[in-house]
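Participant: This is the content of start13.pdb (PDB, C-alpha atoms):
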```pdb
ATOM      1  CA  MET A  22      43.943  75.839 129.968
ATOM      2  CA  GLU A  23      43.913  79.596 130.492
ATOM      3  CA  ILE A  24      44.334  82.196 127.758
ATOM      4  CA  PRO A  25      47.929  83.130 128.734
ATOM      5  CA  GLU A  26      48.912  79.454 128.494
ATOM      6  CA  TYR A  27      47.546  79.245 124.966
ATOM      7  CA  VAL A  28      49.350  82.440 123.972
ATOM      8  CA  GLU A  29      52.603  81.165 125.467
ATOM      9  CA  THR A  30      52.188  77.911 123.526
ATOM     10  CA  LEU A  31      51.433  79.801 120.319
ATOM     11  CA  ASP A  32      54.556  81.916 120.843
ATOM     12  CA  ARG A  33      56.799  78.894 121.405
ATOM     13  CA  GLU A  34      55.319  76.745 118.627
ATOM     14  CA  GLY A  35      55.525  79.501 116.024
ATOM     15  CA  ARG A  36      59.174  80.148 116.809
ATOM     16  CA  LEU A  37      59.920  76.424 116.597
ATOM     17  CA  MET A  38      58.080  76.237 113.286
ATOM     18  CA  LEU A  39      60.102  79.109 111.849
ATOM     19  CA  ALA A  40      63.366  77.564 113.044
ATOM     20  CA  ALA A  41      62.484  74.229 111.435
ATOM     21  CA  ALA A  42      61.482  75.942 108.191
ATOM     22  CA  GLU A  43      64.753  77.856 108.083
ATOM     23  CA  GLU A  44      66.755  74.686 108.668
ATOM     24  CA  ALA A  45      64.809  72.548 106.191
ATOM     25  CA  GLY A  46      64.602  75.205 103.486
ATOM     26  CA  VAL A  47      61.499  76.285 101.615
ATOM     27  CA  ASP A  48      61.965  73.595  98.938
ATOM     28  CA  ALA A  49      61.759  70.703 101.415
ATOM     29  CA  LYS A  50      58.756  68.385 101.124
ATOM     30  CA  VAL A  51      56.219  68.200 103.961
ATOM     31  CA  ALA A  52      55.477  64.515 104.326
ATOM     32  CA  ALA A  53      52.143  64.889 106.135
ATOM     33  CA  CYS A  54      50.725  67.355 103.601
ATOM     34  CA  ALA A  55      50.678  65.697 100.194
ATOM     35  CA  GLY A  56      52.108  67.908  97.482
ATOM     36  CA  TRP A  57      53.258  70.624  99.878
ATOM     37  CA  GLN A  58      56.698  72.060 100.343
ATOM     38  CA  VAL A  59      57.765  74.149 103.314
ATOM     39  CA  ARG A  60      56.974  77.317 101.348
ATOM     40  CA  ASP A  61      53.312  76.200 101.080
ATOM     41  CA  LEU A  62      53.200  75.530 104.806
ATOM     42  CA  LEU A  63      54.595  78.976 105.618
ATOM     43  CA  ARG A  64      52.240  80.747 103.221
ATOM     44  CA  HIS A  65      49.188  78.933 104.585
ATOM     45  CA  THR A  66      49.995  79.288 108.288
ATOM     46  CA  GLY A  67      51.157  82.874 107.909
ATOM     47  CA  MET A  68      47.914  83.722 106.108
ATOM     48  CA  VAL A  69      45.885  82.095 108.912
ATOM     49  CA  HIS A  70      47.843  84.025 111.542
ATOM     50  CA  ARG A  71      47.052  87.347 109.880
ATOM     51  CA  TRP A  72      43.418  86.342 109.338
ATOM     52  CA  ALA A  73      43.027  85.508 113.037
ATOM     53  CA  THR A  74      44.796  88.702 114.087
ATOM     54  CA  ALA A  75      42.336  90.813 112.108
ATOM     55  CA  PHE A  76      39.301  89.464 113.985
ATOM     56  CA  VAL A  77      40.737  90.331 117.379
ATOM     57  CA  ALA A  78      42.509  93.568 116.436
ATOM     58  CA  GLU A  79      39.740  94.973 114.235
ATOM     59  CA  GLY A  80      36.721  93.498 116.024
ATOM     60  CA  HIS A  81      35.004  91.907 113.034
ATOM     61  CA  THR A  82      31.732  90.499 114.362
ATOM     62  CA  SER A  83      30.931  88.474 111.230
ATOM     63  CA  TYR A  84      33.000  86.335 108.901
ATOM     64  CA  HIS A  85      35.800  88.283 107.256
ATOM     65  CA  PRO A  86      37.757  86.771 104.329
ATOM     66  CA  ASP A  87      41.455  86.077 104.597
ATOM     67  CA  GLY A  88      43.997  88.147 102.721
ATOM     68  CA  GLY A  89      45.105  85.380 100.395
ATOM     69  CA  LEU A  90      48.485  83.721 100.060
ATOM     70  CA  PRO A  91      51.520  85.970  99.573
ATOM     71  CA  ASP A  92      53.647  85.961  96.444
ATOM     72  CA  LEU A  93      56.811  85.586  98.506
ATOM     73  CA  ASP A  94      59.556  82.999  98.676
ATOM     74  CA  GLY A  95      62.899  82.307 100.285
ATOM     75  CA  ASP A  96      64.143  84.644 102.995
ATOM     76  CA  ALA A  97      61.375  87.155 102.307
ATOM     77  CA  LEU A  98      58.766  84.480 103.031
ATOM     78  CA  LEU A  99      60.506  83.447 106.257
ATOM     79  CA  THR A 100      60.595  87.074 107.405
ATOM     80  CA  TRP A 101      56.931  87.581 106.486
ATOM     81  CA  PHE A 102      55.928  84.490 108.451
ATOM     82  CA  GLY A 103      57.889  85.580 111.522
ATOM     83  CA  GLU A 104      56.384  89.064 111.462
ATOM     84  CA  GLY A 105      52.822  87.729 111.184
ATOM     85  CA  HIS A 106      53.334  85.255 113.990
ATOM     86  CA  ARG A 107      54.753  87.962 116.243
ATOM     87  CA  LEU A 108      51.810  90.248 115.445
ATOM     88  CA  LEU A 109      49.304  87.515 116.345
ATOM     89  CA  VAL A 110      51.040  86.723 119.642
ATOM     90  CA  ASP A 111      51.233  90.392 120.603
ATOM     91  CA  THR A 112      47.616  91.022 119.591
ATOM     92  CA  LEU A 113      46.278  88.142 121.679
ATOM     93  CA  ALA A 114      48.516  88.969 124.634
ATOM     94  CA  GLY A 115      47.406  92.594 124.641
ATOM     95  CA  ALA A 116      43.706  92.163 123.852
ATOM     96  CA  SER A 117      40.965  92.917 126.340
ATOM     97  CA  PRO A 118      39.280  89.812 127.758
ATOM     98  CA  GLU A 119      36.020  91.529 126.777
ATOM     99  CA  VAL A 120      36.848  91.799 123.073
ATOM    100  CA  ARG A 121      33.923  90.843 120.852
ATOM    101  CA  CYS A 122      34.489  89.316 117.432
ATOM    102  CA  TRP A 123      33.466  86.423 115.173
ATOM    103  CA  THR A 124      34.358  82.845 116.068
ATOM    104  CA  PHE A 125      33.407  79.466 114.628
ATOM    105  CA  LEU A 126      33.601  77.039 117.567
ATOM    106  CA  PRO A 127      32.087  77.219 121.078
ATOM    107  CA  ALA A 128      34.364  78.895 123.620
ATOM    108  CA  PRO A 129      34.139  80.809 126.920
ATOM    109  CA  SER A 130      34.957  84.029 125.036
ATOM    110  CA  PRO A 131      36.144  85.138 121.590
ATOM    111  CA  LEU A 132      39.638  85.748 122.961
ATOM    112  CA  ALA A 133      39.741  82.267 124.479
ATOM    113  CA  PHE A 134      38.620  80.812 121.154
ATOM    114  CA  TRP A 135      41.271  82.520 119.043
ATOM    115  CA  ALA A 136      44.074  81.862 121.516
ATOM    116  CA  ARG A 137      43.183  78.169 121.701
ATOM    117  CA  ARG A 138      42.568  77.715 117.983
ATOM    118  CA  GLN A 139      45.783  79.408 116.908
ATOM    119  CA  ALA A 140      47.845  77.543 119.495
ATOM    120  CA  HIS A 141      46.646  74.241 118.050
ATOM    121  CA  GLU A 142      46.822  75.429 114.438
ATOM    122  CA  THR A 143      50.445  76.393 114.918
ATOM    123  CA  THR A 144      51.387  73.283 116.886
ATOM    124  CA  VAL A 145      50.150  70.907 114.197
ATOM    125  CA  HIS A 146      51.933  72.884 111.493
ATOM    126  CA  ARG A 147      55.096  73.076 113.622
ATOM    127  CA  VAL A 148      55.062  69.275 113.581
ATOM    128  CA  ASP A 149      54.647  69.448 109.800
ATOM    129  CA  ALA A 150      57.649  71.760 109.488
ATOM    130  CA  GLU A 151      59.814  69.564 111.683
ATOM    131  CA  SER A 152      58.797  66.494 109.680
ATOM    132  CA  ALA A 153      60.433  68.128 106.662
ATOM    133  CA  LEU A 154      63.747  67.715 108.491
ATOM    134  CA  GLY A 155      63.310  63.961 108.852
ATOM    135  CA  GLY A 156      63.377  62.200 112.176
ATOM    136  CA  GLU A 157      60.883  62.612 114.989
ATOM    137  CA  PRO A 158      59.326  66.041 115.691
ATOM    138  CA  ALA A 159      59.446  67.428 119.220
ATOM    139  CA  ALA A 160      56.731  66.008 121.462
ATOM    140  CA  VAL A 161      53.449  67.798 122.139
ATOM    141  CA  PRO A 162      52.794  68.202 125.913
ATOM    142  CA  PRO A 163      50.148  65.649 127.011
ATOM    143  CA  ASP A 164      47.787  68.154 128.667
ATOM    144  CA  PHE A 165      47.816  70.331 125.569
ATOM    145  CA  ALA A 166      47.298  67.292 123.352
ATOM    146  CA  VAL A 167      44.227  66.281 125.373
ATOM    147  CA  ASP A 168      42.831  69.782 124.951
ATOM    148  CA  GLY A 169      43.414  69.562 121.211
ATOM    149  CA  ILE A 170      41.681  66.200 120.933
ATOM    150  CA  ASP A 171      38.674  67.694 122.690
ATOM    151  CA  GLU A 172      38.658  70.698 120.359
ATOM    152  CA  LEU A 173      38.812  68.440 117.315
ATOM    153  CA  LEU A 174      36.152  65.951 118.419
ATOM    154  CA  ARG A 175      33.650  68.201 120.148
ATOM    155  CA  GLY A 176      34.420  71.366 118.215
ATOM    156  CA  PHE A 177      35.326  70.772 114.582
ATOM    157  CA  HIS A 178      33.446  67.502 114.226
ATOM    158  CA  GLY A 179      30.431  68.750 116.096
ATOM    159  CA  ARG A 180      29.705  71.068 113.180
ATOM    160  CA  PRO A 181      27.244  70.230 110.381
ATOM    161  CA  LYS A 182      30.072  70.236 107.828
ATOM    162  CA  SER A 183      31.801  67.180 109.367
ATOM    163  CA  ARG A 184      31.914  64.311 106.883
ATOM    164  CA  VAL A 185      32.605  61.591 109.469
ATOM    165  CA  ARG A 186      29.319  59.725 109.083
ATOM    166  CA  THR A 187      27.991  56.184 108.838
ATOM    167  CA  GLU A 188      24.807  54.813 107.294
ATOM    168  CA  GLU A 189      23.998  52.854 110.463
ATOM    169  CA  PRO A 190      24.660  54.070 114.022
ATOM    170  CA  ARG A 191      28.152  53.155 115.234
ATOM    171  CA  VAL A 192      30.180  54.103 118.298
ATOM    172  CA  LEU A 193      33.830  55.119 118.269
ATOM    173  CA  ARG A 194      35.825  55.385 121.504
ATOM    174  CA  VAL A 195      38.903  57.630 121.695
ATOM    175  CA  ARG A 196      41.199  57.054 124.678
ATOM    176  CA  ALA A 197      44.449  58.737 125.743
ATOM    177  CA  THR A 198      46.194  55.990 127.666
ATOM    178  CA  ASP A 199      48.572  58.235 129.598
ATOM    179  CA  HIS A 200      46.077  60.804 130.855
ATOM    180  CA  PRO A 201      43.407  60.163 133.504
ATOM    181  CA  ASP A 202      39.844  60.530 132.264
ATOM    182  CA  ALA A 203      40.917  61.498 128.736
ATOM    183  CA  VAL A 204      38.232  59.408 127.043
ATOM    184  CA  TRP A 205      35.612  60.398 124.481
ATOM    185  CA  THR A 206      32.607  58.526 123.147
ATOM    186  CA  VAL A 207      31.800  59.431 119.545
ATOM    187  CA  ARG A 208      28.392  58.434 118.182
ATOM    188  CA  LEU A 209      28.441  58.072 114.403
ATOM    189  CA  SER A 210      25.358  58.144 112.201
ATOM    190  CA  PRO A 211      24.099  59.793 109.001
ATOM    191  CA  GLN A 212      24.197  63.031 111.023
ATOM    192  CA  PRO A 213      27.305  64.902 112.245
ATOM    193  CA  PRO A 214      29.181  63.001 114.994
ATOM    194  CA  LEU A 215      28.074  63.511 118.581
ATOM    195  CA  SER A 216      31.134  63.426 120.835
ATOM    196  CA  GLU A 217      30.921  63.373 124.610
ATOM    197  CA  HIS A 218      33.664  63.312 127.182
ATOM    198  CA  GLY A 219      33.763  60.058 129.129
ATOM    199  CA  GLU A 220      33.021  56.369 128.674
ATOM    200  CA  HIS A 221      29.404  56.655 129.795
ATOM    201  CA  PRO A 222      27.663  59.434 127.858
ATOM    202  CA  ARG A 223      24.416  60.963 128.976
ATOM    203  CA  ALA A 224      21.200  59.598 127.561
ATOM    204  CA  ASP A 225      19.872  61.663 124.703
ATOM    205  CA  ALA A 226      16.438  63.118 124.374
ATOM    206  CA  ASN A 227      15.220  60.256 122.179
ATOM    207  CA  THR A 228      15.638  57.587 124.835
ATOM    208  CA  ASP A 229      13.239  56.567 127.570
ATOM    209  CA  VAL A 230      15.650  57.505 130.351
ATOM    210  CA  GLY A 231      16.349  60.960 131.679
ATOM    211  CA  ALA A 232      18.968  63.120 130.024
ATOM    212  CA  ASP A 233      20.979  63.227 133.276
ATOM    213  CA  VAL A 234      21.382  59.438 133.412
ATOM    214  CA  ASP A 235      24.633  57.764 132.370
ATOM    215  CA  VAL A 236      24.106  54.955 129.876
ATOM    216  CA  ASP A 237      26.274  52.086 128.703
ATOM    217  CA  VAL A 238      27.002  51.932 124.983
ATOM    218  CA  ASP A 239      28.381  49.185 122.794
ATOM    219  CA  VAL A 240      31.663  50.382 121.330
ATOM    220  CA  ASP A 241      32.447  49.289 117.778
ATOM    221  CA  CYS A 242      36.019  50.559 117.632
ATOM    222  CA  GLU A 243      38.530  52.141 120.006
ATOM    223  CA  LEU A 244      41.398  54.403 118.981
ATOM    224  CA  ALA A 245      43.933  54.614 121.795
ATOM    225  CA  GLY A 246      47.457  55.668 122.627
ATOM    226  CA  PRO A 247      49.530  58.314 124.410
ATOM    227  CA  ALA A 248      47.821  61.701 124.209
ATOM    228  CA  ALA A 249      50.492  63.380 122.076
ATOM    229  CA  ARG A 250      50.525  60.568 119.538
ATOM    230  CA  LEU A 251      46.749  60.259 119.489
ATOM    231  CA  TYR A 252      46.405  64.015 118.924
ATOM    232  CA  LEU A 253      48.594  63.870 115.820
ATOM    233  CA  ALA A 254      46.898  60.691 114.615
ATOM    234  CA  LEU A 255      43.457  62.289 114.811
ATOM    235  CA  TRP A 256      44.853  65.186 112.784
ATOM    236  CA  ASN A 257      46.005  62.544 110.276
ATOM    237  CA  ARG A 258      49.708  63.232 110.788
ATOM    238  CA  VAL A 259      50.770  59.802 112.102
ATOM    239  CA  PRO A 260      49.225  56.303 112.247
ATOM    240  CA  PHE A 261      46.904  55.464 115.125
ATOM    241  CA  PRO A 262      48.930  53.934 117.964
ATOM    242  CA  SER A 263      46.262  51.296 118.644
ATOM    243  CA  VAL A 264      43.036  50.273 116.905
ATOM    244  CA  THR A 265      40.785  47.645 118.471
ATOM    245  CA  GLY A 266      37.444  46.439 117.145
ATOM    246  CA  ASP A 267      36.155  47.366 113.704
ATOM    247  CA  ALA A 268      39.164  48.889 111.932
ATOM    248  CA  SER A 269      36.914  50.209 109.152
ATOM    249  CA  LEU A 270      35.980  53.079 111.481
ATOM    250  CA  ALA A 271      39.645  54.053 111.769
ATOM    251  CA  THR A 272      39.771  54.025 107.971
ATOM    252  CA  LEU A 273      36.605  56.119 107.845
ATOM    253  CA  TRP A 274      38.263  58.686 110.100
ATOM    254  CA  ARG A 275      41.343  58.785 107.893
ATOM    255  CA  GLU A 276      39.300  59.246 104.734
ATOM    256  CA  THR A 277      36.690  61.768 105.889
ATOM    257  CA  SER A 278      37.928  63.745 108.896
ATOM    258  CA  GLY A 279      40.329  66.103 107.160
ATOM    259  CA  ILE A 280      39.785  69.797 107.960
ATOM    260  CA  THR A 281      40.197  71.915 104.841
ATOM    261  CA  TRP A 282      40.553  75.655 104.419
ATOM    262  CA  SER A 283      37.372  77.072 102.948
TER     263      SER A 283
END
```
Kindly return the structure encoded in the file as structure tokens.
Facilitator:
Amino acid sequence: MEIPEYVETLDREGRLMLAAAEEAGVDAKVAACAGWQVRDLLRHTGMVHRWATAFVAEGHTSYHPDGGLPDLDGDALLTWFGEGHRLLVDTLAGASPEVRCWTFLPAPSPLAFWARRQAHETTVHRVDAESALGGEPAAVPPDFAVDGIDELLRGFHGRPKSRVRTEEPRVLRVRATDHPDAVWTVRLSPQPPLSEHGEHPRADANTDVGADVDVDVDVDCELAGPAARLYLALWNRVPFPSVTGDASLATLWRETSGITWS
């Protein structure tokens, strides 16, 4: 996806999130976020929006702390959230492609990183807000969901802080059943997961074959389903559509893959 597509998605998803929050009310419980009400969701996401805006607008080239959660509630909180979302959208839309600032996942450019990250951040929390209304949240577009799965597997869980680990080497397969070639092979071990796109990952440097050679791997468990559903399942918002093989690896994902704010 291109940067303008991410910004457009961020714009739409933030407005949908605000509309759902207004309809549900700030006291409504957010089912997917234990112990949270809509007010907590708005405070968190609004804080993240302003934090992200500061990197791009102010050009911070190293980590910069967030501004903390606001002491706001009710209509004032809704207004604050809407203003911060609008500021983030406008900042990303108007930023130079050459802007230089801190990021925390690989990306073609800092602007591409922040546009992508905030589009997915806001989409997942839009689903949270709509879940407070009851019923089924609006669907996530399949192409965008595939992009988000890739960001989660190869980005977030490629970092040293990922807790998705096994004592003995195991292999997890993630497959979006409604999207061609949307398959990832995730090697689990005592080290951070190694996720590669495709069913036949490249040989690693510790094998006797060249690094440019595709190799077959024995898969211990496969998580599969439509891209939109799989995306939300991997973010621990809904159950996995399909689990085949060793279901303990699906449980491991549920128990250790959560991304926390720190």
Participant: Work out how far apart CA of Trp274 (chain A) and CA of Thr144 (chain A) are and give it in Å to one decimal.
Facilitator: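 Distance between the two atoms: 20.8 Å.
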Participant: Just to confirm, what's the straight-line distance from CA of Leu173 (chain A) to CA of Val59 (chain A) in Å (one decimal)?
Facilitator: 24.2 Å
Participant: As a PyMOL selection string, please: the residues near Val259 (chain A) (cut-off 8 Å, all atoms listed in the file, same-chain neighbours under 4 positions excluded).
Facilitator: chain A and resi 53+250+253-254
Participant: So that I have them on file, write out the residues from the current selection with C-alpha atoms, as a short mmCIF file (atom, residue, chain, number, x, y, z; two decimals), in the frame of the given file.
Facilitator:
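Output contents, as saved in selection_2.cif:
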```
data_model
loop_
_atom_site.label_atom_id
_atom_site.label_comp_id
_atom_site.auth_asym_id
_atom_site.auth_seq_id
_atom_site.Cartn_x
_atom_site.Cartn_y
_atom_site.Cartn_z
CA ALA A 53 52.14 64.89 106.14
CA ARG A 250 50.52 60.57 119.54
CA LEU A 253 48.59 63.87 115.82
CA ALA A 254 46.90 60.69 114.62
#
```
Participant: Sorted by chain and rising residue number, list the residues of region 103-175 of chain A at most 7 Å from region 36-42 of chain A (counting all atoms listed in the file), each with its closest atom pair and distance in Å to one decimal, as CSV.
Facilitator:
```
residue,atom,partner,partner_atom,distance
A:Gly103,CA,A:Leu39,CA,6.8
A:Arg147,CA,A:Met38,CA,4.4
A:Ala150,CA,A:Ala41,CA,5.8
A:Glu151,CA,A:Ala41,CA,5.4
```
Participant: Go through the shown structure with the PyMOL selection byres ((chain A and resi 141) around 9) and write out the matching residues as number ranges by chain.
Facilitator: A: 27, 30-31, 136-140, 142-146, 165-166, 169
Participant: Could you give me, as a short mmCIF file (atom, residue, chain, number, x, y, z; two decimals) with C-alpha atoms, keeping the file's coordinate frame, the residues that have an atom at most 7 Å away from the point (39.0, 51.4, 121.1) in the coordinates of the file, using only C-alpha atoms?
Facilitator:
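This is the output file point-v4.cif:
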```cif
data_model
loop_
_atom_site.label_atom_id
_atom_site.label_comp_id
_atom_site.auth_asym_id
_atom_site.auth_seq_id
_atom_site.Cartn_x
_atom_site.Cartn_y
_atom_site.Cartn_z
CA LEU A 193 33.83 55.12 118.27
CA ARG A 194 35.83 55.38 121.50
CA VAL A 195 38.90 57.63 121.70
CA CYS A 242 36.02 50.56 117.63
CA GLU A 243 38.53 52.14 120.01
CA LEU A 244 41.40 54.40 118.98
CA ALA A 245 43.93 54.61 121.80
CA VAL A 264 43.04 50.27 116.90
CA THR A 265 40.78 47.64 118.47
CA GLY A 266 37.44 46.44 117.14
#
```
Participant: Using the file's own x, y and z axes, so that the box edges lie along x, y and z, what centre and edge lengths in Å (one decimal) does a box around every listed atom of region 148-154 of chain A get when 8 Å is added on each side? Give it as JSON.
Facilitator:
```
{"center_x": 59.2, "center_y": 69.1, "center_z": 110.1, "size_x": 25.1, "size_y": 21.3, "size_z": 22.9}
```
Participant: Counting only C-alpha atoms, figure out which residue out of A:Thr198, A:Ser117, A:Thr272, A:Ser130 gets nearest to Arg186 (chain A).
Facilitator: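 Result for the nearest residue to Arg186 (chain A): A:Thr272.
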